[in-house]
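Structure file structure_28.pdb; described as PDB, C-alpha atoms, pLDDT in the B column.
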```pdb
ATOM      1  CA  MET A 281      16.422  -4.263  -8.626  1.00 48.00           C
ATOM      2  CA  GLN A 282      16.046  -7.351  -6.419  1.00 58.00           C
ATOM      3  CA  GLY A 283      13.312  -7.174  -3.806  1.00 86.00           C
ATOM      4  CA  ASP A 284      11.315  -4.249  -5.178  1.00 95.00           C
ATOM      5  CA  LEU A 285       7.620  -3.886  -5.904  1.00 96.00           C
ATOM      6  CA  GLY A 286       8.250  -2.715  -9.457  1.00 96.00           C
ATOM      7  CA  SER A 287       9.143   0.425 -11.321  1.00 97.00           C
ATOM      8  CA  TYR A 288       7.325   3.554 -10.223  1.00 98.00           C
ATOM      9  CA  ASP A 289       5.686   3.644 -13.677  1.00 97.00           C
ATOM     10  CA  TYR A 290       4.271   0.155 -13.105  1.00 97.00           C
ATOM     11  CA  VAL A 291       3.173   0.791  -9.499  1.00 97.00           C
ATOM     12  CA  GLN A 292       1.401   4.068 -10.273  1.00 97.00           C
ATOM     13  CA  ARG A 293      -0.254   2.591 -13.375  1.00 97.00           C
ATOM     14  CA  VAL A 294      -1.725  -0.495 -11.674  1.00 96.00           C
ATOM     15  CA  TYR A 295      -2.697   1.518  -8.584  1.00 97.00           C
ATOM     16  CA  ASN A 296      -4.359   4.324 -10.558  1.00 98.00           C
ATOM     17  CA  GLN A 297      -6.288   1.795 -12.659  1.00 97.00           C
ATOM     18  CA  ASN A 298      -7.934   0.664  -9.411  1.00 95.00           C
ATOM     19  CA  MET A 299      -8.358   4.078  -7.734  1.00 96.00           C
ATOM     20  CA  ARG A 300     -11.635   5.933  -8.232  1.00 94.00           C
ATOM     21  CA  LEU A 301     -10.913   8.840  -5.874  1.00 96.00           C
ATOM     22  CA  ALA A 302      -9.126  11.623  -7.754  1.00 96.00           C
ATOM     23  CA  ALA A 303      -7.576  13.036  -4.562  1.00 96.00           C
ATOM     24  CA  TYR A 304      -5.751   9.743  -4.003  1.00 98.00           C
ATOM     25  CA  LYS A 305      -4.384   9.112  -7.498  1.00 98.00           C
ATOM     26  CA  LEU A 306      -0.622   8.997  -7.950  1.00 98.00           C
ATOM     27  CA  PRO A 307       1.191  11.450 -10.232  1.00 98.00           C
ATOM     28  CA  PRO A 308       2.753  10.138 -13.456  1.00 97.00           C
ATOM     29  CA  THR A 309       6.334  10.570 -12.196  1.00 97.00           C
ATOM     30  CA  ALA A 310       8.204  10.595  -8.880  1.00 98.00           C
ATOM     31  CA  GLN A 311      11.747  11.273  -7.738  1.00 97.00           C
ATOM     32  CA  ASP A 312      13.992   8.804  -5.918  1.00 98.00           C
ATOM     33  CA  GLY A 313      13.950   8.976  -2.123  1.00 98.00           C
ATOM     34  CA  THR A 314      11.165   8.746   0.433  1.00 98.00           C
ATOM     35  CA  VAL A 315       8.267  10.550  -1.222  1.00 98.00           C
ATOM     36  CA  THR A 316       5.014  11.566   0.494  1.00 98.00           C
ATOM     37  CA  PHE A 317       2.224  11.588  -2.072  1.00 98.00           C
ATOM     38  CA  PHE A 318      -0.561  12.688   0.219  1.00 96.00           C
ATOM     39  CA  ASP A 319      -0.969  13.564   3.872  1.00 98.00           C
ATOM     40  CA  ASP A 320      -4.472  14.894   4.483  1.00 98.00           C
ATOM     41  CA  GLY A 321      -5.047  14.007   8.131  1.00 97.00           C
ATOM     42  CA  LEU A 322      -6.918  10.832   7.186  1.00 98.00           C
ATOM     43  CA  ILE A 323      -4.315   9.073   5.040  1.00 98.00           C
ATOM     44  CA  THR A 324      -0.584   9.496   4.601  1.00 98.00           C
ATOM     45  CA  LEU A 325       0.963   7.610   1.695  1.00 98.00           C
ATOM     46  CA  THR A 326       4.728   7.405   1.257  1.00 98.00           C
ATOM     47  CA  MET A 327       6.939   5.369  -1.023  1.00 98.00           C
ATOM     48  CA  THR A 328      10.623   4.638  -0.894  1.00 98.00           C
ATOM     49  CA  ILE A 329      11.976   4.776  -4.444  1.00 98.00           C
ATOM     50  CA  ALA A 330      15.521   3.870  -5.540  1.00 97.00           C
ATOM     51  CA  GLN A 331      16.687   4.059  -9.156  1.00 96.00           C
ATOM     52  CA  GLY A 332      13.077   4.449 -10.254  1.00 97.00           C
ATOM     53  CA  ARG A 333      12.017   1.257  -8.409  1.00 97.00           C
ATOM     54  CA  VAL A 334       9.552   1.219  -5.502  1.00 97.00           C
ATOM     55  CA  THR A 335      11.045  -0.666  -2.556  1.00 97.00           C
ATOM     56  CA  LYS A 336       8.442   0.169   0.093  1.00 98.00           C
ATOM     57  CA  ILE A 337       4.926   1.588   0.283  1.00 98.00           C
ATOM     58  CA  THR A 338       3.617   2.857   3.631  1.00 98.00           C
ATOM     59  CA  ILE A 339       0.028   3.851   4.331  1.00 98.00           C
ATOM     60  CA  ILE A 340      -0.955   5.438   7.646  1.00 98.00           C
ATOM     61  CA  THR A 341      -4.588   6.150   8.473  1.00 98.00           C
ATOM     62  CA  THR A 342      -6.324   7.655  11.462  1.00 98.00           C
ATOM     63  CA  ASN A 343      -9.525   5.810  10.517  1.00 97.00           C
ATOM     64  CA  PRO A 344      -8.880   2.206   9.423  1.00 96.00           C
ATOM     65  CA  ARG A 345     -12.593   1.681   8.687  1.00 94.00           C
ATOM     66  CA  SER A 346     -12.882   4.637   6.318  1.00 97.00           C
ATOM     67  CA  SER A 347     -13.921   4.025   2.748  1.00 96.00           C
ATOM     68  CA  ALA A 348     -11.024   6.184   1.536  1.00 97.00           C
ATOM     69  CA  TYR A 349      -8.438   4.030   3.346  1.00 97.00           C
ATOM     70  CA  MET A 350     -10.046   0.852   2.008  1.00 94.00           C
ATOM     71  CA  GLN A 351      -9.880   2.187  -1.541  1.00 96.00           C
ATOM     72  CA  VAL A 352      -6.251   3.299  -1.204  1.00 97.00           C
ATOM     73  CA  PHE A 353      -5.151  -0.087   0.122  1.00 95.00           C
ATOM     74  CA  GLU A 354      -7.237  -1.947  -2.432  1.00 93.00           C
ATOM     75  CA  GLY A 355      -5.656   0.141  -5.183  1.00 95.00           C
ATOM     76  CA  PHE A 356      -2.409  -1.671  -4.406  1.00 94.00           C
ATOM     77  CA  GLU A 357      -3.987  -4.994  -3.461  1.00 92.00           C
ATOM     78  CA  PHE A 358      -5.927  -5.258  -6.726  1.00 92.00           C
ATOM     79  CA  GLY A 359      -3.184  -3.529  -8.704  1.00 92.00           C
ATOM     80  CA  PHE A 360      -0.632  -6.143  -7.621  1.00 91.00           C
ATOM     81  CA  ASN A 361      -3.228  -8.898  -8.161  1.00 87.00           C
ATOM     82  CA  ALA A 362      -2.605  -9.868  -4.539  1.00 84.00           C
ATOM     83  CA  VAL A 363      -6.161 -10.351  -3.321  1.00 80.00           C
ATOM     84  CA  SER A 364      -6.050 -13.080  -0.702  1.00 78.00           C
ATOM     85  CA  THR A 365      -5.435 -13.269   3.027  1.00 78.00           C
ATOM     86  CA  TRP A 366      -4.450  -9.658   3.775  1.00 84.00           C
ATOM     87  CA  ILE A 367      -8.034  -8.982   4.900  1.00 84.00           C
ATOM     88  CA  GLN A 368      -7.471 -11.432   7.770  1.00 88.00           C
ATOM     89  CA  ASN A 369      -4.347  -9.507   8.821  1.00 89.00           C
ATOM     90  CA  TYR A 370      -6.264  -6.234   8.611  1.00 91.00           C
ATOM     91  CA  GLU A 371      -9.087  -7.580  10.784  1.00 91.00           C
ATOM     92  CA  GLU A 372      -6.603  -9.019  13.289  1.00 91.00           C
ATOM     93  CA  THR A 373      -4.607  -5.793  13.702  1.00 92.00           C
ATOM     94  CA  THR A 374      -7.619  -3.492  13.932  1.00 93.00           C
ATOM     95  CA  ALA A 375      -9.423  -5.763  16.429  1.00 92.00           C
ATOM     96  CA  ALA A 376      -6.416  -6.494  18.669  1.00 93.00           C
ATOM     97  CA  HIS A 377      -4.578  -3.164  18.219  1.00 94.00           C
ATOM     98  CA  GLY A 378      -1.233  -4.792  17.532  1.00 94.00           C
ATOM     99  CA  PRO A 379       0.943  -6.185  14.753  1.00 96.00           C
ATOM    100  CA  SER A 380      -0.049  -8.657  12.069  1.00 94.00           C
ATOM    101  CA  GLN A 381       1.728  -9.767   8.906  1.00 94.00           C
ATOM    102  CA  GLY A 382       0.791 -11.619   5.756  1.00 91.00           C
ATOM    103  CA  VAL A 383       2.557 -12.508   2.520  1.00 93.00           C
ATOM    104  CA  VAL A 384       0.721 -12.735  -0.798  1.00 90.00           C
ATOM    105  CA  LYS A 385       2.568 -13.271  -4.101  1.00 90.00           C
ATOM    106  CA  GLY A 386       5.875 -12.481  -2.407  1.00 92.00           C
ATOM    107  CA  ILE A 387       4.657  -9.139  -1.002  1.00 93.00           C
ATOM    108  CA  LEU A 388       4.685  -8.709   2.775  1.00 94.00           C
ATOM    109  CA  ALA A 389       1.911  -6.571   4.248  1.00 94.00           C
ATOM    110  CA  ASP A 390       3.130  -5.542   7.699  1.00 96.00           C
ATOM    111  CA  TYR A 391       0.265  -4.087   9.760  1.00 95.00           C
ATOM    112  CA  ASN A 392       0.194  -2.389  13.140  1.00 96.00           C
ATOM    113  CA  THR A 393      -2.698  -0.595  14.801  1.00 96.00           C
ATOM    114  CA  THR A 394      -2.073   1.516  17.902  1.00 96.00           C
ATOM    115  CA  ALA A 395      -4.347   1.781  20.917  1.00 95.00           C
ATOM    116  CA  ASP A 396      -5.448   5.152  19.454  1.00 96.00           C
ATOM    117  CA  ASN A 397      -6.676   3.251  16.350  1.00 95.00           C
ATOM    118  CA  VAL A 398      -3.991   4.576  13.995  1.00 97.00           C
ATOM    119  CA  LEU A 399      -3.173   1.914  11.407  1.00 97.00           C
ATOM    120  CA  THR A 400       0.174   1.688   9.632  1.00 97.00           C
ATOM    121  CA  VAL A 401       0.645  -0.850   6.860  1.00 97.00           C
ATOM    122  CA  SER A 402       3.829  -1.273   4.835  1.00 97.00           C
ATOM    123  CA  LEU A 403       4.211  -3.286   1.652  1.00 96.00           C
ATOM    124  CA  THR A 404       7.612  -4.747   0.727  1.00 96.00           C
ATOM    125  CA  ARG A 405       8.742  -7.622  -1.463  1.00 95.00           C
ATOM    126  CA  VAL A 406      10.143 -10.629   0.387  1.00 94.00           C
ATOM    127  CA  SER A 407      10.344 -13.097  -2.513  1.00 92.00           C
ATOM    128  CA  GLY A 408       9.868 -13.310  -6.258  1.00 89.00           C
ATOM    129  CA  LYS A 409       9.800 -10.284  -8.508  1.00 88.00           C
ATOM    130  CA  ALA A 410       7.367  -7.675  -9.717  1.00 87.00           C
ATOM    131  CA  GLU A 411       5.050  -8.749 -12.544  1.00 82.00           C
ATOM    132  CA  GLU A 412       5.382  -5.579 -14.614  1.00 82.00           C
TER
END
```
This structure in structure tokens:
Amino acid sequence: MQGDLGSYDYVQRVYNQNMRLAAYKLPPTAQDGTVTFFDDGLITLTMTIAQGRVTKITIITTNPRSSAYMQVFEGFEFGFNAVSTWIQNYEETTAAHGPSQGVVKGILADYNTTADNVLTVSLTRVSGKAEE
């Protein structure tokens, strides 16, 4: 599928390889649709999946400076081998409490932090294709 982040199998594999916290690991399979994998009051993780392909990942956290949030985001960042400028976008949104965007390896990280310090970041593909 054009414009996706990869098959769910690929996404969960590369994420789980970089996730040390058992509570935040992804299950081996997922259904199509908008799926919430965890929602524990600190972090909500949802994915939009179509025909077994992940088209969007959304992470919402009530504590953007928490170690758990950092590890969840980095699970995708390192998993997609997209370590680069997203840290600048993260710092910008959490400091200014507003939107910030950055593209690394064709993946857009779209950040927004509210005045109440709730951070939402969505990952979508804007160019290229998943490595798989």
Close residues, stretch 369-375 of chain A itself excluded, 8 Å, all atoms listed in the file, min 3 positions apart in chain, as number ranges by chain: A: 344, 365-366, 378-382, 391-393, 397, 399
Any chance you could export the current selection's C-alpha atoms as a PDB file, keeping the file's coordinate frame?
```pdb
ATOM      1  CA  PRO A 344      -8.880   2.206   9.423  1.00 96.00           C
ATOM      2  CA  THR A 365      -5.435 -13.269   3.027  1.00 78.00           C
ATOM      3  CA  TRP A 366      -4.450  -9.658   3.775  1.00 84.00           C
ATOM      4  CA  GLY A 378      -1.233  -4.792  17.532  1.00 94.00           C
ATOM      5  CA  PRO A 379       0.943  -6.185  14.753  1.00 96.00           C
ATOM      6  CA  SER A 380      -0.049  -8.657  12.069  1.00 94.00           C
ATOM      7  CA  GLN A 381       1.728  -9.767   8.906  1.00 94.00           C
ATOM      8  CA  GLY A 382       0.791 -11.619   5.756  1.00 91.00           C
ATOM      9  CA  TYR A 391       0.265  -4.087   9.760  1.00 95.00           C
ATOM     10  CA  ASN A 392       0.194  -2.389  13.140  1.00 96.00           C
ATOM     11  CA  THR A 393      -2.698  -0.595  14.801  1.00 96.00           C
ATOM     12  CA  ASN A 397      -6.676   3.251  16.350  1.00 95.00           C
ATOM     13  CA  LEU A 399      -3.173   1.914  11.407  1.00 97.00           C
TER      14      LEU A 399
END
```
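With only C-alpha atoms as the atoms that count, the minimum distance from A:Tyr290 to the choices A:Glu354, A:Arg405, A:Met327, A:Glu411 is reached by A:Glu411.
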Padding 3 Å on every side, please: axis-aligned box over the listed atoms of stretch 291-298 of chain A, centre and edge lengths to one decimal in Å, as JSON.
```
{"center_x": -2.4, "center_y": 1.9, "center_z": -11.0, "size_x": 17.1, "size_y": 10.8, "size_z": 10.8}
```
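In terms of minimum interatomic distance to A:Leu322, A:Ser347 ranks closest within A:Gln292, A:Ser287, A:Ser407, A:Ser347, counting only C-alpha atoms.
Nearest-residue note for A:Ile337: choosing from A:Gln311, A:Gln368, A:Glu412, A:Thr404, the minimum distance belongs to A:Thr404, counting all atoms listed in the file.
The gap separating atom CA of A:Phe360 from atom CA of A:Pro307 is 17.9 Å, in Å to one decimal.
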Expected answer as a PyMOL selection string: all residues with atoms within 12 Å of (14.4, 0.1, -7.6), all atoms listed in the file: chain A and resi 281-291+311-313+327-336+404-405+409-410
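Atom CA of A:Gly408 to atom CA of A:Lys385 spans 7.6 Å [interatomic distance, one decimal].
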Atom pair atom CA of A:Pro308 / atom CA of A:Val398: separation (Å): 28.8 Å
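When all atoms listed in the file are used to compute distances to A:Ala376, the closest of the residues A:Gln297, A:Asn361, A:Thr394, A:Asn343 turns out to be A:Thr394.
Using the PyMOL selection byres ((chain A and resi 298-305) around 9) on this structure selects Gln292, Arg293, Val294, Tyr295, Asn296, Gln297, Leu306, Pro307, Phe317, Phe318, Ala348, Gln351, Val352, Glu354, Gly355, Phe356, Phe358 and Gly359 of chain A.
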Minimum-distance residue to A:Ala395, chosen among A:Thr342, A:Thr314, A:Thr309, A:Thr324 (using all atoms listed in the file): A:Thr342
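Closest to A:Thr400 among A:Phe353, A:Thr316, A:Ile339, A:Thr326 is A:Ile339, based on all atoms listed in the file.
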